[in-house]
file work_18.cif (mmCIF, C-alpha atoms)
data_protein
#
loop_
_atom_site.group_PDB
_atom_site.id
_atom_site.type_symbol
_atom_site.label_atom_id
_atom_site.label_comp_id
_atom_site.auth_asym_id
_atom_site.auth_seq_id
_atom_site.Cartn_x
_atom_site.Cartn_y
_atom_site.Cartn_z
ATOM 1 C CA MET A 27 87.131 66.880 -42.035
ATOM 2 C CA PRO A 28 85.746 67.946 -38.690
ATOM 3 C CA ASP A 29 85.582 65.151 -36.174
ATOM 4 C CA PRO A 30 82.035 65.177 -34.751
ATOM 5 C CA GLN A 31 83.153 63.487 -31.540
ATOM 6 C CA HIS A 32 85.633 66.240 -31.006
ATOM 7 C CA SER A 33 83.513 69.218 -31.939
ATOM 8 C CA ALA A 34 80.591 67.927 -29.852
ATOM 9 C CA ASN A 35 82.744 68.436 -26.779
ATOM 10 C CA GLY A 36 84.151 71.816 -27.571
ATOM 11 C CA GLY A 37 83.688 72.762 -23.922
ATOM 12 C CA ARG A 38 86.719 70.788 -22.855
ATOM 13 C CA ASP A 39 88.871 73.388 -24.516
ATOM 14 C CA HIS A 40 87.201 76.129 -22.520
ATOM 15 C CA TRP A 41 87.861 75.145 -18.923
ATOM 16 C CA GLY A 42 88.306 78.119 -16.717
ATOM 17 C CA ARG A 43 86.871 80.366 -19.356
ATOM 18 C CA THR A 44 84.633 83.198 -18.179
ATOM 19 C CA PHE A 45 82.198 84.398 -20.775
ATOM 20 C CA GLU A 46 81.289 87.988 -21.423
ATOM 21 C CA PRO A 47 78.588 88.841 -18.854
ATOM 22 C CA VAL A 48 75.118 89.491 -20.201
ATOM 23 C CA GLU A 49 73.372 92.442 -18.619
ATOM 24 C CA ILE A 50 69.978 93.618 -19.661
ATOM 25 C CA CYS A 51 67.627 96.295 -18.458
ATOM 26 C CA LEU A 52 64.138 94.877 -18.785
ATOM 27 C CA ALA A 53 62.528 98.261 -19.208
ATOM 28 C CA GLU A 54 64.530 98.810 -22.380
ATOM 29 C CA THR A 55 63.592 95.659 -24.252
ATOM 30 C CA ASP A 56 60.323 94.472 -25.765
ATOM 31 C CA ASN A 57 61.100 90.837 -25.178
ATOM 32 C CA GLY A 58 63.130 90.895 -21.981
ATOM 33 C CA VAL A 59 63.616 87.229 -21.194
ATOM 34 C CA ARG A 60 63.877 86.148 -24.832
ATOM 35 C CA ASP A 61 66.518 88.792 -25.416
ATOM 36 C CA VAL A 62 68.573 87.730 -22.395
ATOM 37 C CA LEU A 63 68.387 84.073 -23.426
ATOM 38 C CA GLY A 64 69.342 84.866 -26.996
ATOM 39 C CA GLN A 65 72.329 86.941 -25.903
ATOM 40 C CA LEU A 66 73.544 84.338 -23.437
ATOM 41 C CA LEU A 67 73.276 81.474 -25.924
ATOM 42 C CA GLU A 68 75.200 83.568 -28.416
ATOM 43 C CA THR A 69 78.039 84.162 -25.962
ATOM 44 C CA LEU A 70 78.139 80.394 -25.309
ATOM 45 C CA ASP A 71 78.577 79.615 -29.023
ATOM 46 C CA PRO A 72 82.274 78.706 -28.566
ATOM 47 C CA LEU A 73 81.258 75.789 -26.328
ATOM 48 C CA ASP A 74 79.692 74.126 -29.345
ATOM 49 C CA LEU A 75 76.993 72.602 -27.149
ATOM 50 C CA GLU A 76 75.057 69.613 -28.351
ATOM 51 C CA ARG A 77 71.431 70.274 -29.186
ATOM 52 C CA GLU A 78 70.073 68.778 -25.965
ATOM 53 C CA GLU A 79 72.626 70.632 -23.863
ATOM 54 C CA ARG A 80 71.674 73.898 -25.490
ATOM 55 C CA ASP A 81 68.009 73.119 -24.839
ATOM 56 C CA THR A 82 68.820 72.466 -21.171
ATOM 57 C CA VAL A 83 70.652 75.771 -20.780
ATOM 58 C CA GLU A 84 67.811 77.643 -22.460
ATOM 59 C CA LEU A 85 65.056 75.944 -20.460
ATOM 60 C CA VAL A 86 66.676 76.314 -17.025
ATOM 61 C CA LEU A 87 67.555 79.957 -17.612
ATOM 62 C CA ALA A 88 64.129 80.721 -19.060
ATOM 63 C CA GLU A 89 62.597 79.449 -15.816
ATOM 64 C CA VAL A 90 65.042 81.410 -13.650
ATOM 65 C CA LEU A 91 64.516 84.622 -15.634
ATOM 66 C CA ASN A 92 60.733 84.286 -15.820
ATOM 67 C CA ASN A 93 60.671 83.916 -12.039
ATOM 68 C CA ILE A 94 62.657 87.129 -11.673
ATOM 69 C CA VAL A 95 60.303 89.018 -13.980
ATOM 70 C CA GLU A 96 57.143 87.570 -12.433
ATOM 71 C CA HIS A 97 58.156 87.624 -8.768
ATOM 72 C CA ALA A 98 61.310 89.579 -7.927
ATOM 73 C CA TYR A 99 60.321 92.457 -10.194
ATOM 74 C CA ALA A 100 56.557 91.922 -9.980
ATOM 75 C CA GLY A 101 54.797 95.238 -9.824
ATOM 76 C CA SER A 102 57.939 97.327 -10.325
ATOM 77 C CA PRO A 103 56.900 100.368 -12.284
ATOM 78 C CA THR A 104 60.138 100.285 -14.225
ATOM 79 C CA GLN A 105 61.462 96.783 -14.294
ATOM 80 C CA GLY A 106 65.029 96.384 -13.279
ATOM 81 C CA VAL A 107 68.266 94.920 -14.420
ATOM 82 C CA ILE A 108 69.261 91.272 -14.701
ATOM 83 C CA ARG A 109 72.956 90.338 -14.831
ATOM 84 C CA LEU A 110 74.076 86.919 -15.971
ATOM 85 C CA THR A 111 77.596 85.575 -15.825
ATOM 86 C CA ALA A 112 78.802 82.188 -17.033
ATOM 87 C CA LYS A 113 82.052 80.405 -16.346
ATOM 88 C CA MET A 114 83.128 77.057 -17.708
ATOM 89 C CA ARG A 115 84.738 74.627 -15.250
ATOM 90 C CA THR A 116 85.637 70.963 -15.500
ATOM 91 C CA ASN A 117 82.291 69.908 -14.013
ATOM 92 C CA GLY A 118 80.164 72.101 -16.237
ATOM 93 C CA LEU A 119 78.900 75.576 -16.842
ATOM 94 C CA HIS A 120 78.556 77.694 -13.698
ATOM 95 C CA ILE A 121 75.988 80.443 -13.968
ATOM 96 C CA THR A 122 75.285 83.352 -11.652
ATOM 97 C CA VAL A 123 72.127 85.414 -12.019
ATOM 98 C CA LEU A 124 71.762 88.713 -10.162
ATOM 99 C CA ASP A 125 68.743 90.977 -9.828
ATOM 100 C CA ASP A 126 67.746 93.918 -7.639
ATOM 101 C CA GLY A 127 64.186 92.776 -7.013
ATOM 102 C CA VAL A 128 62.406 91.706 -3.846
ATOM 103 C CA PRO A 129 63.906 88.733 -1.963
ATOM 104 C CA MET A 130 62.668 85.167 -2.248
ATOM 105 C CA PRO A 131 59.873 84.580 0.284
ATOM 106 C CA GLY A 132 61.465 83.289 3.492
ATOM 107 C CA GLY A 133 64.892 83.793 1.950
ATOM 108 C CA VAL A 134 64.857 80.372 0.300
ATOM 109 C CA THR A 135 64.071 78.987 -3.131
ATOM 110 C CA PRO A 136 60.894 76.934 -3.590
ATOM 111 C CA LEU A 137 61.311 73.186 -3.201
ATOM 112 C CA GLY A 138 60.056 72.436 -6.695
ATOM 113 C CA MET A 139 58.518 69.080 -5.897
ATOM 114 C CA ALA A 140 57.095 66.921 -8.683
ATOM 115 C CA GLN A 141 53.388 67.562 -9.094
ATOM 116 C CA ASP A 142 50.707 64.962 -8.480
ATOM 117 C CA LEU A 143 49.110 64.185 -11.831
ATOM 118 C CA ASN A 144 46.797 61.477 -10.491
ATOM 119 C CA VAL A 145 43.965 63.953 -10.166
ATOM 120 C CA ASP A 146 40.786 64.897 -12.005
ATOM 121 C CA LEU A 147 41.325 66.779 -15.222
ATOM 122 C CA ASP A 148 40.063 70.029 -13.695
ATOM 123 C CA ASP A 149 42.632 69.765 -10.908
ATOM 124 C CA LEU A 150 45.658 69.270 -13.153
ATOM 125 C CA PRO A 151 48.361 71.816 -12.305
ATOM 126 C CA GLU A 152 48.865 74.653 -14.789
ATOM 127 C CA GLY A 153 51.853 76.103 -12.948
ATOM 128 C CA GLY A 154 54.544 75.234 -10.467
ATOM 129 C CA PHE A 155 56.683 73.369 -12.982
ATOM 130 C CA GLY A 156 59.369 76.021 -13.112
ATOM 131 C CA TRP A 157 61.312 75.210 -9.954
ATOM 132 C CA PHE A 158 60.807 71.514 -10.540
ATOM 133 C CA LEU A 159 62.529 71.860 -13.925
ATOM 134 C CA ILE A 160 65.328 74.006 -12.485
ATOM 135 C CA ARG A 161 66.055 71.499 -9.732
ATOM 136 C CA ASP A 162 65.740 68.544 -12.060
ATOM 137 C CA LEU A 163 68.107 69.887 -14.713
ATOM 138 C CA ALA A 164 70.566 72.049 -12.772
ATOM 139 C CA LYS A 165 73.027 71.072 -10.050
ATOM 140 C CA ASP A 166 74.312 72.948 -6.979
ATOM 141 C CA VAL A 167 71.473 75.469 -6.969
ATOM 142 C CA HIS A 168 72.242 78.093 -4.349
ATOM 143 C CA TYR A 169 70.409 81.301 -3.490
ATOM 144 C CA GLN A 170 71.556 84.177 -1.336
ATOM 145 C CA ARG A 171 70.509 87.710 -0.649
ATOM 146 C CA ALA A 172 73.553 89.937 -0.654
ATOM 147 C CA GLY A 173 73.924 93.691 -0.783
ATOM 148 C CA GLY A 174 70.271 94.244 -1.678
ATOM 149 C CA CYS A 175 70.541 91.824 -4.603
ATOM 150 C CA ASN A 176 69.243 88.347 -5.250
ATOM 151 C CA GLN A 177 72.030 86.020 -6.301
ATOM 152 C CA LEU A 178 71.271 82.608 -7.728
ATOM 153 C CA ASP A 179 74.156 80.287 -8.550
ATOM 154 C CA LEU A 180 73.745 77.024 -10.378
ATOM 155 C CA ARG A 181 75.707 74.549 -12.420
ATOM 156 C CA LEU A 182 74.706 72.909 -15.683
ATOM 157 C CA ALA A 183 76.530 69.676 -16.436
ATOM 158 C CA VAL A 184 77.092 70.466 -20.104
ATOM 159 C CA ALA A 185 80.132 70.435 -22.392
ATOM 160 C CA LEU A 186 81.805 67.909 -20.098
ATOM 161 C CA PRO A 187 84.960 66.073 -21.113
ATOM 162 C CA PRO A 188 84.337 62.581 -22.554
ATOM 163 C CA ALA A 189 83.848 59.950 -19.852
ATOM 164 C CA HIS A 190 86.803 57.631 -19.317
ATOM 165 C CA MET B 7 50.218 84.002 -31.958
ATOM 166 C CA LYS B 8 49.851 82.707 -35.489
ATOM 167 C CA ILE B 9 47.706 79.573 -35.577
ATOM 168 C CA SER B 10 46.489 78.052 -38.817
ATOM 169 C CA THR B 11 43.435 75.820 -38.662
ATOM 170 C CA ARG B 12 41.852 73.432 -41.086
ATOM 171 C CA THR B 13 39.135 70.833 -40.788
ATOM 172 C CA GLU B 14 39.346 67.318 -42.146
ATOM 173 C CA GLY B 15 36.136 65.379 -41.512
ATOM 174 C CA ASP B 16 35.587 65.248 -37.774
ATOM 175 C CA ILE B 17 38.981 66.666 -36.955
ATOM 176 C CA CYS B 18 40.141 70.236 -36.509
ATOM 177 C CA ILE B 19 43.877 70.604 -37.002
ATOM 178 C CA ALA B 20 45.263 73.671 -35.270
ATOM 179 C CA CYS B 21 48.877 74.249 -36.235
ATOM 180 C CA ILE B 22 51.044 76.598 -34.173
ATOM 181 C CA GLU B 23 53.079 78.547 -36.723
ATOM 182 C CA GLU B 24 55.564 79.980 -34.231
ATOM 183 C CA PRO B 25 58.749 78.553 -32.724
ATOM 184 C CA ARG B 26 58.040 79.355 -29.067
ATOM 185 C CA ILE B 27 55.243 78.944 -26.546
ATOM 186 C CA ASP B 28 56.804 80.692 -23.566
ATOM 187 C CA ALA B 29 55.951 83.145 -20.804
ATOM 188 C CA ALA B 30 55.768 85.959 -23.364
ATOM 189 C CA SER B 31 53.315 84.140 -25.642
ATOM 190 C CA ALA B 32 51.385 81.778 -23.343
ATOM 191 C CA LEU B 33 48.383 84.072 -23.022
ATOM 192 C CA ALA B 34 48.169 84.709 -26.767
ATOM 193 C CA PHE B 35 48.439 80.965 -27.323
ATOM 194 C CA LYS B 36 45.545 80.249 -24.949
ATOM 195 C CA GLU B 37 43.347 82.888 -26.543
ATOM 196 C CA GLY B 38 44.239 81.813 -30.072
ATOM 197 C CA ILE B 39 43.604 78.159 -29.479
ATOM 198 C CA ARG B 40 40.320 78.849 -27.701
ATOM 199 C CA SER B 41 38.933 80.755 -30.627
ATOM 200 C CA ALA B 42 40.219 78.064 -32.986
ATOM 201 C CA ALA B 43 38.512 75.324 -30.960
ATOM 202 C CA GLU B 44 35.257 77.190 -30.353
ATOM 203 C CA ASP B 45 33.229 75.742 -33.209
ATOM 204 C CA ALA B 46 35.527 72.828 -33.870
ATOM 205 C CA PRO B 47 34.442 69.253 -34.601
ATOM 206 C CA PRO B 48 34.717 66.577 -31.859
ATOM 207 C CA THR B 49 38.470 66.101 -32.171
ATOM 208 C CA VAL B 50 41.112 68.827 -32.068
ATOM 209 C CA PHE B 51 44.673 68.097 -33.136
ATOM 210 C CA LEU B 52 47.201 70.552 -31.759
ATOM 211 C CA ASP B 53 50.047 70.415 -34.267
ATOM 212 C CA LEU B 54 53.280 71.449 -32.519
ATOM 213 C CA GLN B 55 55.764 70.473 -35.224
ATOM 214 C CA HIS B 56 57.005 74.059 -35.645
ATOM 215 C CA VAL B 57 57.415 74.684 -31.916
ATOM 216 C CA GLU B 58 61.047 74.378 -30.846
ATOM 217 C CA PHE B 59 60.764 75.697 -27.309
ATOM 218 C CA ILE B 60 58.265 75.608 -24.476
ATOM 219 C CA ASP B 61 58.846 76.655 -20.889
ATOM 220 C CA SER B 62 56.697 75.973 -17.823
ATOM 221 C CA SER B 63 54.325 78.785 -18.807
ATOM 222 C CA GLY B 64 53.871 77.244 -22.243
ATOM 223 C CA LEU B 65 53.264 73.850 -20.688
ATOM 224 C CA GLY B 66 50.703 75.386 -18.325
ATOM 225 C CA ALA B 67 48.929 76.982 -21.280
ATOM 226 C CA ILE B 68 48.701 73.620 -23.053
ATOM 227 C CA VAL B 69 47.274 72.041 -19.867
ATOM 228 C CA ALA B 70 44.732 74.884 -19.696
ATOM 229 C CA THR B 71 43.820 74.146 -23.313
ATOM 230 C CA LEU B 72 43.233 70.482 -22.474
ATOM 231 C CA LYS B 73 40.830 71.519 -19.692
ATOM 232 C CA TYR B 74 39.033 73.960 -21.967
ATOM 233 C CA VAL B 75 38.599 71.571 -24.887
ATOM 234 C CA THR B 76 37.632 68.503 -22.799
ATOM 235 C CA PRO B 77 35.160 66.876 -22.261
ATOM 236 C CA GLU B 78 33.100 68.247 -25.191
ATOM 237 C CA ARG B 79 36.000 67.485 -27.509
ATOM 238 C CA LYS B 80 39.096 65.367 -27.547
ATOM 239 C CA LEU B 81 42.508 67.075 -27.643
ATOM 240 C CA VAL B 82 45.397 65.293 -29.336
ATOM 241 C CA LEU B 83 48.974 66.602 -29.458
ATOM 242 C CA VAL B 84 50.881 65.973 -32.654
ATOM 243 C CA GLY B 85 54.460 66.388 -33.849
ATOM 244 C CA LEU B 86 56.316 67.263 -30.650
ATOM 245 C CA THR B 87 59.902 68.266 -31.419
ATOM 246 C CA PRO B 88 62.611 66.803 -29.124
ATOM 247 C CA PRO B 89 62.862 69.814 -26.768
ATOM 248 C CA VAL B 90 59.076 69.981 -26.398
ATOM 249 C CA GLN B 91 58.759 66.224 -25.893
ATOM 250 C CA ARG B 92 61.423 66.474 -23.205
ATOM 251 C CA VAL B 93 59.498 69.047 -21.150
ATOM 252 C CA PHE B 94 56.456 66.774 -21.278
ATOM 253 C CA GLU B 95 58.538 63.800 -20.165
ATOM 254 C CA LEU B 96 60.373 65.633 -17.370
ATOM 255 C CA THR B 97 57.076 66.809 -15.880
ATOM 256 C CA ARG B 98 55.383 63.476 -16.730
ATOM 257 C CA MET B 99 52.676 65.412 -18.568
ATOM 258 C CA ASN B 100 53.211 62.926 -21.392
ATOM 259 C CA THR B 101 51.144 60.519 -19.261
ATOM 260 C CA VAL B 102 48.172 62.892 -19.266
ATOM 261 C CA PHE B 103 47.950 63.778 -22.963
ATOM 262 C CA ALA B 104 47.259 61.785 -26.109
ATOM 263 C CA ILE B 105 50.451 62.350 -28.136
ATOM 264 C CA PHE B 106 51.318 61.200 -31.652
ATOM 265 C CA PRO B 107 54.579 61.736 -33.517
ATOM 266 C CA THR B 108 52.977 62.694 -36.828
ATOM 267 C CA LEU B 109 49.663 63.828 -38.267
ATOM 268 C CA ASP B 110 49.451 60.573 -40.231
ATOM 269 C CA ALA B 111 49.870 58.499 -37.081
ATOM 270 C CA ALA B 112 47.247 60.565 -35.272
ATOM 271 C CA MET B 113 44.853 60.324 -38.239
ATOM 272 C CA GLY B 114 45.313 56.566 -38.339
ATOM 273 C CA LYS B 115 44.335 56.287 -34.683
ATOM 274 C CA CYS B 116 41.732 59.026 -34.333
ATOM 275 C CA GLY B 117 40.509 59.593 -37.886
ATOM 276 C CA ALA B 118 37.105 58.474 -39.043
#
call {"tool": "encode", "arguments": {"input": "work_18.cif", "output": "structure tokens"}}
result
Amino acid sequence: MPDPQHSANGGRDHWGRTFEPVEICLAETDNGVRDVLGQLLETLDPLDLEREERDTVELVLAEVLNNIVEHAYAGSPTQGVIRLTAKMRTNGLHITVLDDGVPMPGGVTPLGMAQDLNVDLDDLPEGGFGWFLIRDLAKDVHYQRAGGCNQLDLRLAVALPPAH
Amino acid sequence: MKISTRTEGDICIACIEEPRIDAASALAFKEGIRSAAEDAPPTVFLDLQHVEFIDSSGLGAIVATLKYVTPERKLVLVGLTPPVQRVFELTRMNTVFAIFPTLDAAMGKCGA
């Protein structure tokens, strides 16, 4: 009989584990971001993430990857490559995302403030939620431009050992 | 984007038959739901029970739909799955929309 308490925290058996990097060339896929997400979630299968944890990983990375496609690689005639690496540590899943697109404006990530919803219907925001969600759900978000690449590091507090 | 629609009395029920409203499908969603709502009765239920994932683009498309449908009609969201509900709660968009867990609950409140 599998012990649900145990299997729900499969990550604790994977500390220090580096997962197979996911690298995808956007020009060669029909569904770039969906394909990257699908591949990454597949490589994370051994962590046996709980449903909500899996949803968090998928949502945060969807926002990060959509930003790369829409901004870093905006207007590129042949869209570039995105490389994702994941490593499990005791405080969660550390993810690094690299792309060769244009730098973040001003060299920094957007603040991602919560939007004001106390407005007329016509003025409700239809965008700008992406960085808010990233900052709300991910920890230790760090951006740097290095060697002509954008590098975004972040940590997702998933698959943590049971609290004492 | 596959959207099935049916009318029950004064209510149009538009059911999204796909698992994702994301950056890749947000535009198709907006177009599909607009044509579904064009000649709709005064209340439109957007049935999201089959949608397992939305990102910020999907959320933006649902906000755009609310603006398009209102004020001529009322838009009601129905059957949000846990990951979809969560995006609404994180962004506090759940305070802007009328949301019901099931079609029955929505019918009971909004039905004739």
call {"tool": "resolve_selection", "arguments": {"input": "work_18.cif", "expression": "the PyMOL selection byres ((chain A and resi 158) around 12)", "output": "PyMOL selection string"}}
result
(chain A and resi 85-86+89-90+135-141+153-157+159-164+167) or (chain B and resi 61-62+93+96-98)
call {"tool": "interface_residues", "arguments": {"input": "work_18.cif", "of": "chain B", "to": "chain A", "cutoff": "12 Å", "atoms": "only C-alpha atoms", "output": "MDAnalysis selection string"}}
result
chainID B and resid 26:32 58:77 87:103
call {"tool": "residues_near_point", "arguments": {"input": "work_18.cif", "point": "(53.7, 62.8, -33.6)", "cutoff": "7 Å", "atoms": "only C-alpha atoms", "output": "PyMOL selection string"}}
result
chain B and resi 84-86+105-109+111
call {"tool": "resolve_selection", "arguments": {"input": "work_18.cif", "expression": "the PyMOL selection byres ((chain A and resi 177-180) around 7)", "output": "number ranges by chain"}}
result
A: 120-125, 164-171, 175-176, 181-182
call {"tool": "write_last_selection", "arguments": {"input": "work_18.cif", "atoms": "C-alpha atoms", "output": "PDB file, in the coordinates of the input"}}
result
ATOM      1  CA  HIS A 120      78.556  77.694 -13.698  1.00  0.00           C
ATOM      2  CA  ILE A 121      75.988  80.443 -13.968  1.00  0.00           C
ATOM      3  CA  THR A 122      75.285  83.352 -11.652  1.00  0.00           C
ATOM      4  CA  VAL A 123      72.127  85.414 -12.019  1.00  0.00           C
ATOM      5  CA  LEU A 124      71.762  88.713 -10.162  1.00  0.00           C
ATOM      6  CA  ASP A 125      68.743  90.977  -9.828  1.00  0.00           C
ATOM      7  CA  ALA A 164      70.566  72.049 -12.772  1.00  0.00           C
ATOM      8  CA  LYS A 165      73.027  71.072 -10.050  1.00  0.00           C
ATOM      9  CA  ASP A 166      74.312  72.948  -6.979  1.00  0.00           C
ATOM     10  CA  VAL A 167      71.473  75.469  -6.969  1.00  0.00           C
ATOM     11  CA  HIS A 168      72.242  78.093  -4.349  1.00  0.00           C
ATOM     12  CA  TYR A 169      70.409  81.301  -3.490  1.00  0.00           C
ATOM     13  CA  GLN A 170      71.556  84.177  -1.336  1.00  0.00           C
ATOM     14  CA  ARG A 171      70.509  87.710  -0.649  1.00  0.00           C
ATOM     15  CA  CYS A 175      70.541  91.824  -4.603  1.00  0.00           C
ATOM     16  CA  ASN A 176      69.243  88.347  -5.250  1.00  0.00           C
ATOM     17  CA  ARG A 181      75.707  74.549 -12.420  1.00  0.00           C
ATOM     18  CA  LEU A 182      74.706  72.909 -15.683  1.00  0.00           C
TER      19      LEU A 182
END
call {"tool": "residues_around", "arguments": {"input": "work_18.cif", "residues": "Pro47 of chain A", "least_positions_apart": "4", "cutoff": "12 Å", "atoms": "only C-alpha atoms", "output": "MDAnalysis selection string"}}
result
chainID A and resid 43 62 65:70 108:113 121:124
call {"tool": "resolve_selection", "arguments": {"input": "work_18.cif", "expression": "the PyMOL selection byres ((chain B and resi 50) around 8)", "output": "PyMOL selection string"}}
result
chain B and resi 17-20+43+46-49+51-52+79-82
call {"tool": "closest_residue", "arguments": {"input": "work_18.cif", "among": "B:Asp110, B:Leu83, B:Leu54, B:Ala42", "to": "Thr13 of chain B", "atoms": "all atoms listed in the file"}}
result
B:Ala42
call {"tool": "closest_residue", "arguments": {"input": "work_18.cif", "among": "B:Ile22, B:Thr11, B:Val57, B:Ala112", "to": "Phe35 of chain B", "atoms": "all atoms listed in the file"}}
result
B:Ile22
call {"tool": "atom_distance", "arguments": {"input": "work_18.cif", "atom1": "atom CA of Gly64 of chain A", "atom2": "atom CA of Leu91 of chain A"}}
result
12.3 Å
call {"tool": "atom_distance", "arguments": {"input": "work_18.cif", "atom1": "atom CA of Ile9 of chain B", "atom2": "atom CA of Cys21 of chain B"}}
result
5.5 Å
call {"tool": "atom_distance", "arguments": {"input": "work_18.cif", "atom1": "atom CA of Pro25 of chain B", "atom2": "atom CA of Ser102 of chain A"}}
result
29.2 Å
